[in-house]
Each structure stands twice: as structure tokens, then as C-alpha cells.
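Worksheet: one structure, shown below.
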Amino acid sequence: MTFHPKMPYDTGLHQSARQLPEAGEPFAFTPENLARLEDIARRYPPERRRSALLPALYLVQRQQGYVSARAMAHVAEVVGVTPAEVEDVVSYYTMFYAQRVGTYVLQVCRTLSCALNGAERITDVLSRKLGIKPGETDPTGTFTLMEVECLGACDRAPVVVVNDQWHECLKPEDAERLVDDLRTKGLDALSGCHLCVEKR
Ligand code: FES
């Protein structure tokens, strides 16, 4: 194996960019979730049982709040794939969290359309308001802030997803209000998708 002589492999980004999943506490599906998973798995031919991997991970996240390394190992066993394959999927999709997160996960898209429409300002406002940097959770465990790649709503940039709800065409003042609403109204602040284009 050869390496480029000038590349700083000991301090390079390739080491810090990827966070290893937390081992977490022992994990097994509750009987209810296992029954749900088996129900979903029956929709696929037996030799395609691995197709139930995404639903299985959603069930883990609903049960545990994130997908720990131990949960990945359990899912691998139940669905019939390798733990490495499960980790590949978890690390690819930003909707799965391999670390513990806050009650509200704010994901700011930083890809081109959003970047050109002020995503960086949105991140700055949220970061200042929450007192945390992207990738961090506040000490109360209420908010996690993340920067992610395209969230599939490029025509309504900039976009912030809070848990599973899209907030689009956000201005910095909208981002501030969003945090205020989450603090005062909790989950009620997330009722309904915020399609600002239709409001114009
Ligand atoms: S670039 Fe932000 S949603 Fe696509």
C-alpha cells in the first residue's frame, strides 16, 4: 500500500470526519417491535429479507432514540446481513443517528442551493441561539445541531429539517423563531410542514 508523501495521514480529515457509533447499552427489540419487524419482513421474499433493513433501523431509533453499535449488531442478526452492512446504511443516511441526540435534531442543509441562499447564516443563528456548534448537543439534551447534505428540497432553499419535518425558505429570523417556538410549544411547534413558498 502506498500513501501520498505530503498528505497528513496522522491528522487528516479522513480520521475526524467519521464518528464511530457508540457501543450503547445491550439492545434487543421489544416483543412489539419484533412483531412489527416480522410483519414488515413478510412483505419481501424470504431470500430478500435484507430489504427490511431500513424499517428495522427506524424501529431501533424509535425504541432507543439512536442506533447504537450494539443495536446495529442485533439488527444484522435479525435481518440477516453483516454488522458492517448495517453500519454502512446508518452512516450513509443522515436520518439515522449513531450517537445520542437531543429531543430536537436540527439539520441544516449545506449543499449548493442552500449554501447560495444563506444556509451558513442559518447555521450561525442557530448555533448562537442554542449555544452549540454543529455536531453538538446542548447540555440539557434538548437540541442537537447538525449540518447535512442535500435534503431534497433545493427549490425551497435554505432548508432545515427538525426531527422529521421540513422547514423551507428559512430566513435568519425564521430560524430564531423556530427555536423560540420549540422552547415554548415543544412538539406542537412542529405540527405541519412549513412550506413558505405557498405563504407568499
Ligand atoms: S441543496 Fe439544500 S435541499 Fe438540496
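Lettering and numbering for the C-alpha cells are positional, with chains as A, B, ... in the shown order, residues counted from 1 in each chain, and ligands counted from 1 in the shown order.
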
Can you list, as a VMD selection string, every protein, DNA or RNA residue that comes within 9 Å of His74 (chain A) when you count only C-alpha atoms, leaving out same-chain residues fewer than 3 positions away?
chain A and resid 27 to 29 69 to 71 77 to 79 83

Protein and nucleic residues near ligand 1, 9 Å, only C-alpha atoms and all ligand atoms, as a PyMOL selection string
chain A and resi 108-116+119+148-160+168

Which neighbours of region 176-191 of chain A fall inside 12 Å, counting only C-alpha atoms, when residues of the same chain fewer than 6 positions from it are skipped, and could you give them as a PyMOL selection string?
chain A and resi 103-106+121-131+142-145+160-168+170

Rounded to one decimal place, report the CA of Ser68 (chain A)-CA of Pro21 (chain A) distance in Å.
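Distance between the two atoms: 5.9 Å.
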
Within 10 Å of Arg48 (chain A), counting only C-alpha atoms, which residues show up once you throw out same-chain ones fewer than 6 positions away? Write them as a list in words, please.
Ala41, Arg42, Val79 and Gly80 of chain A

Dump of N, CA and C atoms for the selected residues, as a compact mmCIF listing (two decimals), in the first residue's frame:
```txt
# COMPACT_ATOMS: atom_id res chain seq x y z
N ALA A 41 -41.10 -7.76 7.33
CA ALA A 41 -40.21 -8.67 6.60
C ALA A 41 -41.00 -9.65 5.73
N ARG A 42 -42.22 -10.00 6.17
CA ARG A 42 -43.04 -10.94 5.39
C ARG A 42 -43.49 -10.35 4.06
N VAL A 79 -32.00 -9.35 10.67
CA VAL A 79 -32.33 -9.16 9.26
C VAL A 79 -31.50 -10.07 8.34
N GLY A 80 -30.35 -10.54 8.85
CA GLY A 80 -29.55 -11.46 8.05
C GLY A 80 -28.53 -10.78 7.17
```

Excluding Leu54 (chain A) and any residue of its chain fewer than 6 positions from it, enumerate the residues within 12 Å of it, using only C-alpha atoms, and give them as a ChimeraX atom specification.
/A:37,40-41,60-61,67,72,75-76,79,85-90,92-93,95-96

Keeping all heavy atoms, export the residues of the selection given above as a compact mmCIF listing (two decimals), in the first residue's frame.
```
# COMPACT_ATOMS: atom_id res chain seq x y z
N LEU A 37 -41.55 -5.82 13.01
CA LEU A 37 -40.50 -6.07 12.02
C LEU A 37 -40.78 -7.35 11.24
O LEU A 37 -40.62 -7.39 10.01
CB LEU A 37 -39.13 -6.16 12.73
CG LEU A 37 -37.96 -6.48 11.81
CD1 LEU A 37 -37.83 -5.44 10.70
CD2 LEU A 37 -36.68 -6.55 12.60
N ILE A 40 -43.31 -6.68 8.67
CA ILE A 40 -42.74 -5.96 7.51
C ILE A 40 -41.90 -6.92 6.67
O ILE A 40 -41.99 -6.92 5.44
CB ILE A 40 -41.87 -4.77 8.00
CG1 ILE A 40 -42.76 -3.71 8.63
CG2 ILE A 40 -41.06 -4.18 6.85
CD1 ILE A 40 -42.01 -2.65 9.44
N ALA A 41 -41.10 -7.76 7.33
CA ALA A 41 -40.21 -8.67 6.60
C ALA A 41 -41.00 -9.65 5.73
O ALA A 41 -40.53 -10.08 4.67
CB ALA A 41 -39.30 -9.41 7.57
N VAL A 60 -35.51 0.66 15.56
CA VAL A 60 -34.46 0.82 16.58
C VAL A 60 -34.47 2.26 17.08
O VAL A 60 -34.47 2.53 18.29
CB VAL A 60 -33.06 0.49 16.03
CG1 VAL A 60 -31.98 0.92 17.02
CG2 VAL A 60 -32.93 -0.99 15.73
N GLN A 61 -34.48 3.18 16.15
CA GLN A 61 -34.37 4.59 16.53
C GLN A 61 -35.58 5.04 17.35
O GLN A 61 -35.44 5.81 18.27
CB GLN A 61 -34.19 5.46 15.29
CG GLN A 61 -33.69 6.84 15.63
CD GLN A 61 -32.90 7.45 14.51
OE1 GLN A 61 -31.72 7.14 14.32
NE2 GLN A 61 -33.53 8.31 13.74
N VAL A 67 -29.15 4.83 17.02
CA VAL A 67 -28.82 3.45 16.63
C VAL A 67 -27.40 3.14 17.11
O VAL A 67 -26.41 3.52 16.48
CB VAL A 67 -28.92 3.26 15.10
CG1 VAL A 67 -28.75 1.78 14.75
CG2 VAL A 67 -30.25 3.76 14.56
N MET A 72 -26.96 -2.11 16.07
CA MET A 72 -26.61 -2.49 14.69
C MET A 72 -26.32 -3.99 14.62
O MET A 72 -26.73 -4.67 13.68
CB MET A 72 -25.39 -1.70 14.22
CG MET A 72 -25.67 -0.24 13.96
SD MET A 72 -24.19 0.57 13.30
CE MET A 72 -24.43 2.22 13.93
N VAL A 75 -29.62 -5.83 14.79
CA VAL A 75 -30.35 -5.73 13.52
C VAL A 75 -29.72 -6.65 12.48
O VAL A 75 -30.42 -7.34 11.73
CB VAL A 75 -30.37 -4.26 13.02
CG1 VAL A 75 -30.81 -4.18 11.58
CG2 VAL A 75 -31.28 -3.42 13.90
N ALA A 76 -28.39 -6.66 12.44
CA ALA A 76 -27.70 -7.52 11.47
C ALA A 76 -28.13 -8.97 11.63
O ALA A 76 -28.41 -9.67 10.66
CB ALA A 76 -26.18 -7.38 11.65
N VAL A 79 -32.00 -9.35 10.67
CA VAL A 79 -32.33 -9.16 9.26
C VAL A 79 -31.50 -10.07 8.34
O VAL A 79 -31.89 -10.35 7.21
CB VAL A 79 -32.14 -7.66 8.88
CG1 VAL A 79 -32.35 -7.43 7.40
CG2 VAL A 79 -33.11 -6.80 9.67
N GLU A 85 -22.51 -4.04 7.04
CA GLU A 85 -23.53 -3.55 6.09
C GLU A 85 -24.53 -2.64 6.80
O GLU A 85 -24.97 -1.64 6.25
CB GLU A 85 -24.24 -4.74 5.44
CG GLU A 85 -23.37 -5.44 4.40
CD GLU A 85 -23.98 -6.73 3.88
OE1 GLU A 85 -24.43 -7.57 4.71
OE2 GLU A 85 -23.98 -6.93 2.67
N VAL A 86 -24.87 -2.99 8.03
CA VAL A 86 -25.79 -2.12 8.79
C VAL A 86 -25.12 -0.78 9.05
O VAL A 86 -25.74 0.28 8.87
CB VAL A 86 -26.20 -2.78 10.12
CG1 VAL A 86 -27.15 -1.87 10.88
CG2 VAL A 86 -26.86 -4.13 9.87
N GLU A 87 -23.87 -0.81 9.44
CA GLU A 87 -23.16 0.45 9.73
C GLU A 87 -23.06 1.31 8.47
O GLU A 87 -23.17 2.53 8.53
CB GLU A 87 -21.78 0.17 10.30
CG GLU A 87 -21.16 1.43 10.88
CD GLU A 87 -19.77 1.23 11.45
OE1 GLU A 87 -19.47 0.13 11.93
OE2 GLU A 87 -18.99 2.19 11.39
N ASP A 88 -22.84 0.66 7.31
CA ASP A 88 -22.80 1.41 6.05
C ASP A 88 -24.09 2.21 5.85
O ASP A 88 -24.07 3.37 5.48
CB ASP A 88 -22.64 0.46 4.85
CG ASP A 88 -21.21 -0.01 4.69
OD1 ASP A 88 -20.32 0.55 5.36
OD2 ASP A 88 -20.99 -0.96 3.91
N VAL A 89 -25.21 1.55 6.09
CA VAL A 89 -26.51 2.20 5.87
C VAL A 89 -26.72 3.33 6.89
O VAL A 89 -27.11 4.44 6.53
CB VAL A 89 -27.65 1.16 5.96
CG1 VAL A 89 -29.02 1.84 5.93
CG2 VAL A 89 -27.54 0.18 4.81
N VAL A 90 -26.40 3.06 8.14
CA VAL A 90 -26.60 4.07 9.18
C VAL A 90 -25.72 5.29 8.92
O VAL A 90 -26.16 6.44 9.05
CB VAL A 90 -26.29 3.49 10.58
CG1 VAL A 90 -26.31 4.58 11.65
CG2 VAL A 90 -27.31 2.41 10.93
N TYR A 92 -24.63 6.29 6.07
CA TYR A 92 -24.96 6.95 4.80
C TYR A 92 -26.15 7.91 4.96
O TYR A 92 -26.14 9.02 4.47
CB TYR A 92 -25.26 5.91 3.72
CG TYR A 92 -25.62 6.52 2.39
CD1 TYR A 92 -24.61 7.00 1.55
CD2 TYR A 92 -26.95 6.65 1.98
CE1 TYR A 92 -24.93 7.59 0.33
CE2 TYR A 92 -27.27 7.24 0.77
CZ TYR A 92 -26.26 7.71 -0.06
OH TYR A 92 -26.59 8.30 -1.25
N TYR A 93 -27.18 7.46 5.64
CA TYR A 93 -28.42 8.24 5.74
C TYR A 93 -28.38 9.14 6.98
O TYR A 93 -28.23 8.65 8.10
CB TYR A 93 -29.65 7.33 5.82
CG TYR A 93 -29.93 6.61 4.52
CD1 TYR A 93 -29.70 5.25 4.41
CD2 TYR A 93 -30.42 7.28 3.41
CE1 TYR A 93 -29.96 4.57 3.22
CE2 TYR A 93 -30.68 6.62 2.23
CZ TYR A 93 -30.45 5.26 2.14
OH TYR A 93 -30.70 4.60 0.97
N MET A 95 -30.75 10.58 8.38
CA MET A 95 -31.90 10.46 9.30
C MET A 95 -31.64 9.45 10.42
O MET A 95 -32.42 9.37 11.36
CB MET A 95 -33.20 10.13 8.55
CG MET A 95 -33.28 8.74 8.03
SD MET A 95 -32.41 8.58 6.47
CE MET A 95 -33.74 8.59 5.32
N PHE A 96 -30.56 8.69 10.30
CA PHE A 96 -30.20 7.77 11.39
C PHE A 96 -29.07 8.38 12.20
O PHE A 96 -28.10 8.90 11.65
CB PHE A 96 -29.77 6.41 10.83
CG PHE A 96 -30.88 5.69 10.12
CD1 PHE A 96 -30.73 5.27 8.81
CD2 PHE A 96 -32.09 5.45 10.75
CE1 PHE A 96 -31.76 4.61 8.15
CE2 PHE A 96 -33.13 4.79 10.10
CZ PHE A 96 -32.97 4.37 8.80
```

Could you please determine the separation between CA of Ala23 (chain A) and CA of Leu53 (chain A) in Å, to one decimal place?
19.3 Å

Quick check, in Å to one decimal: how far apart do CA of Pro55 (chain A) and CA of Thr94 (chain A) lie?
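Interatomic distance, CA of Pro55 (chain A) to CA of Thr94 (chain A): 14.8 Å.
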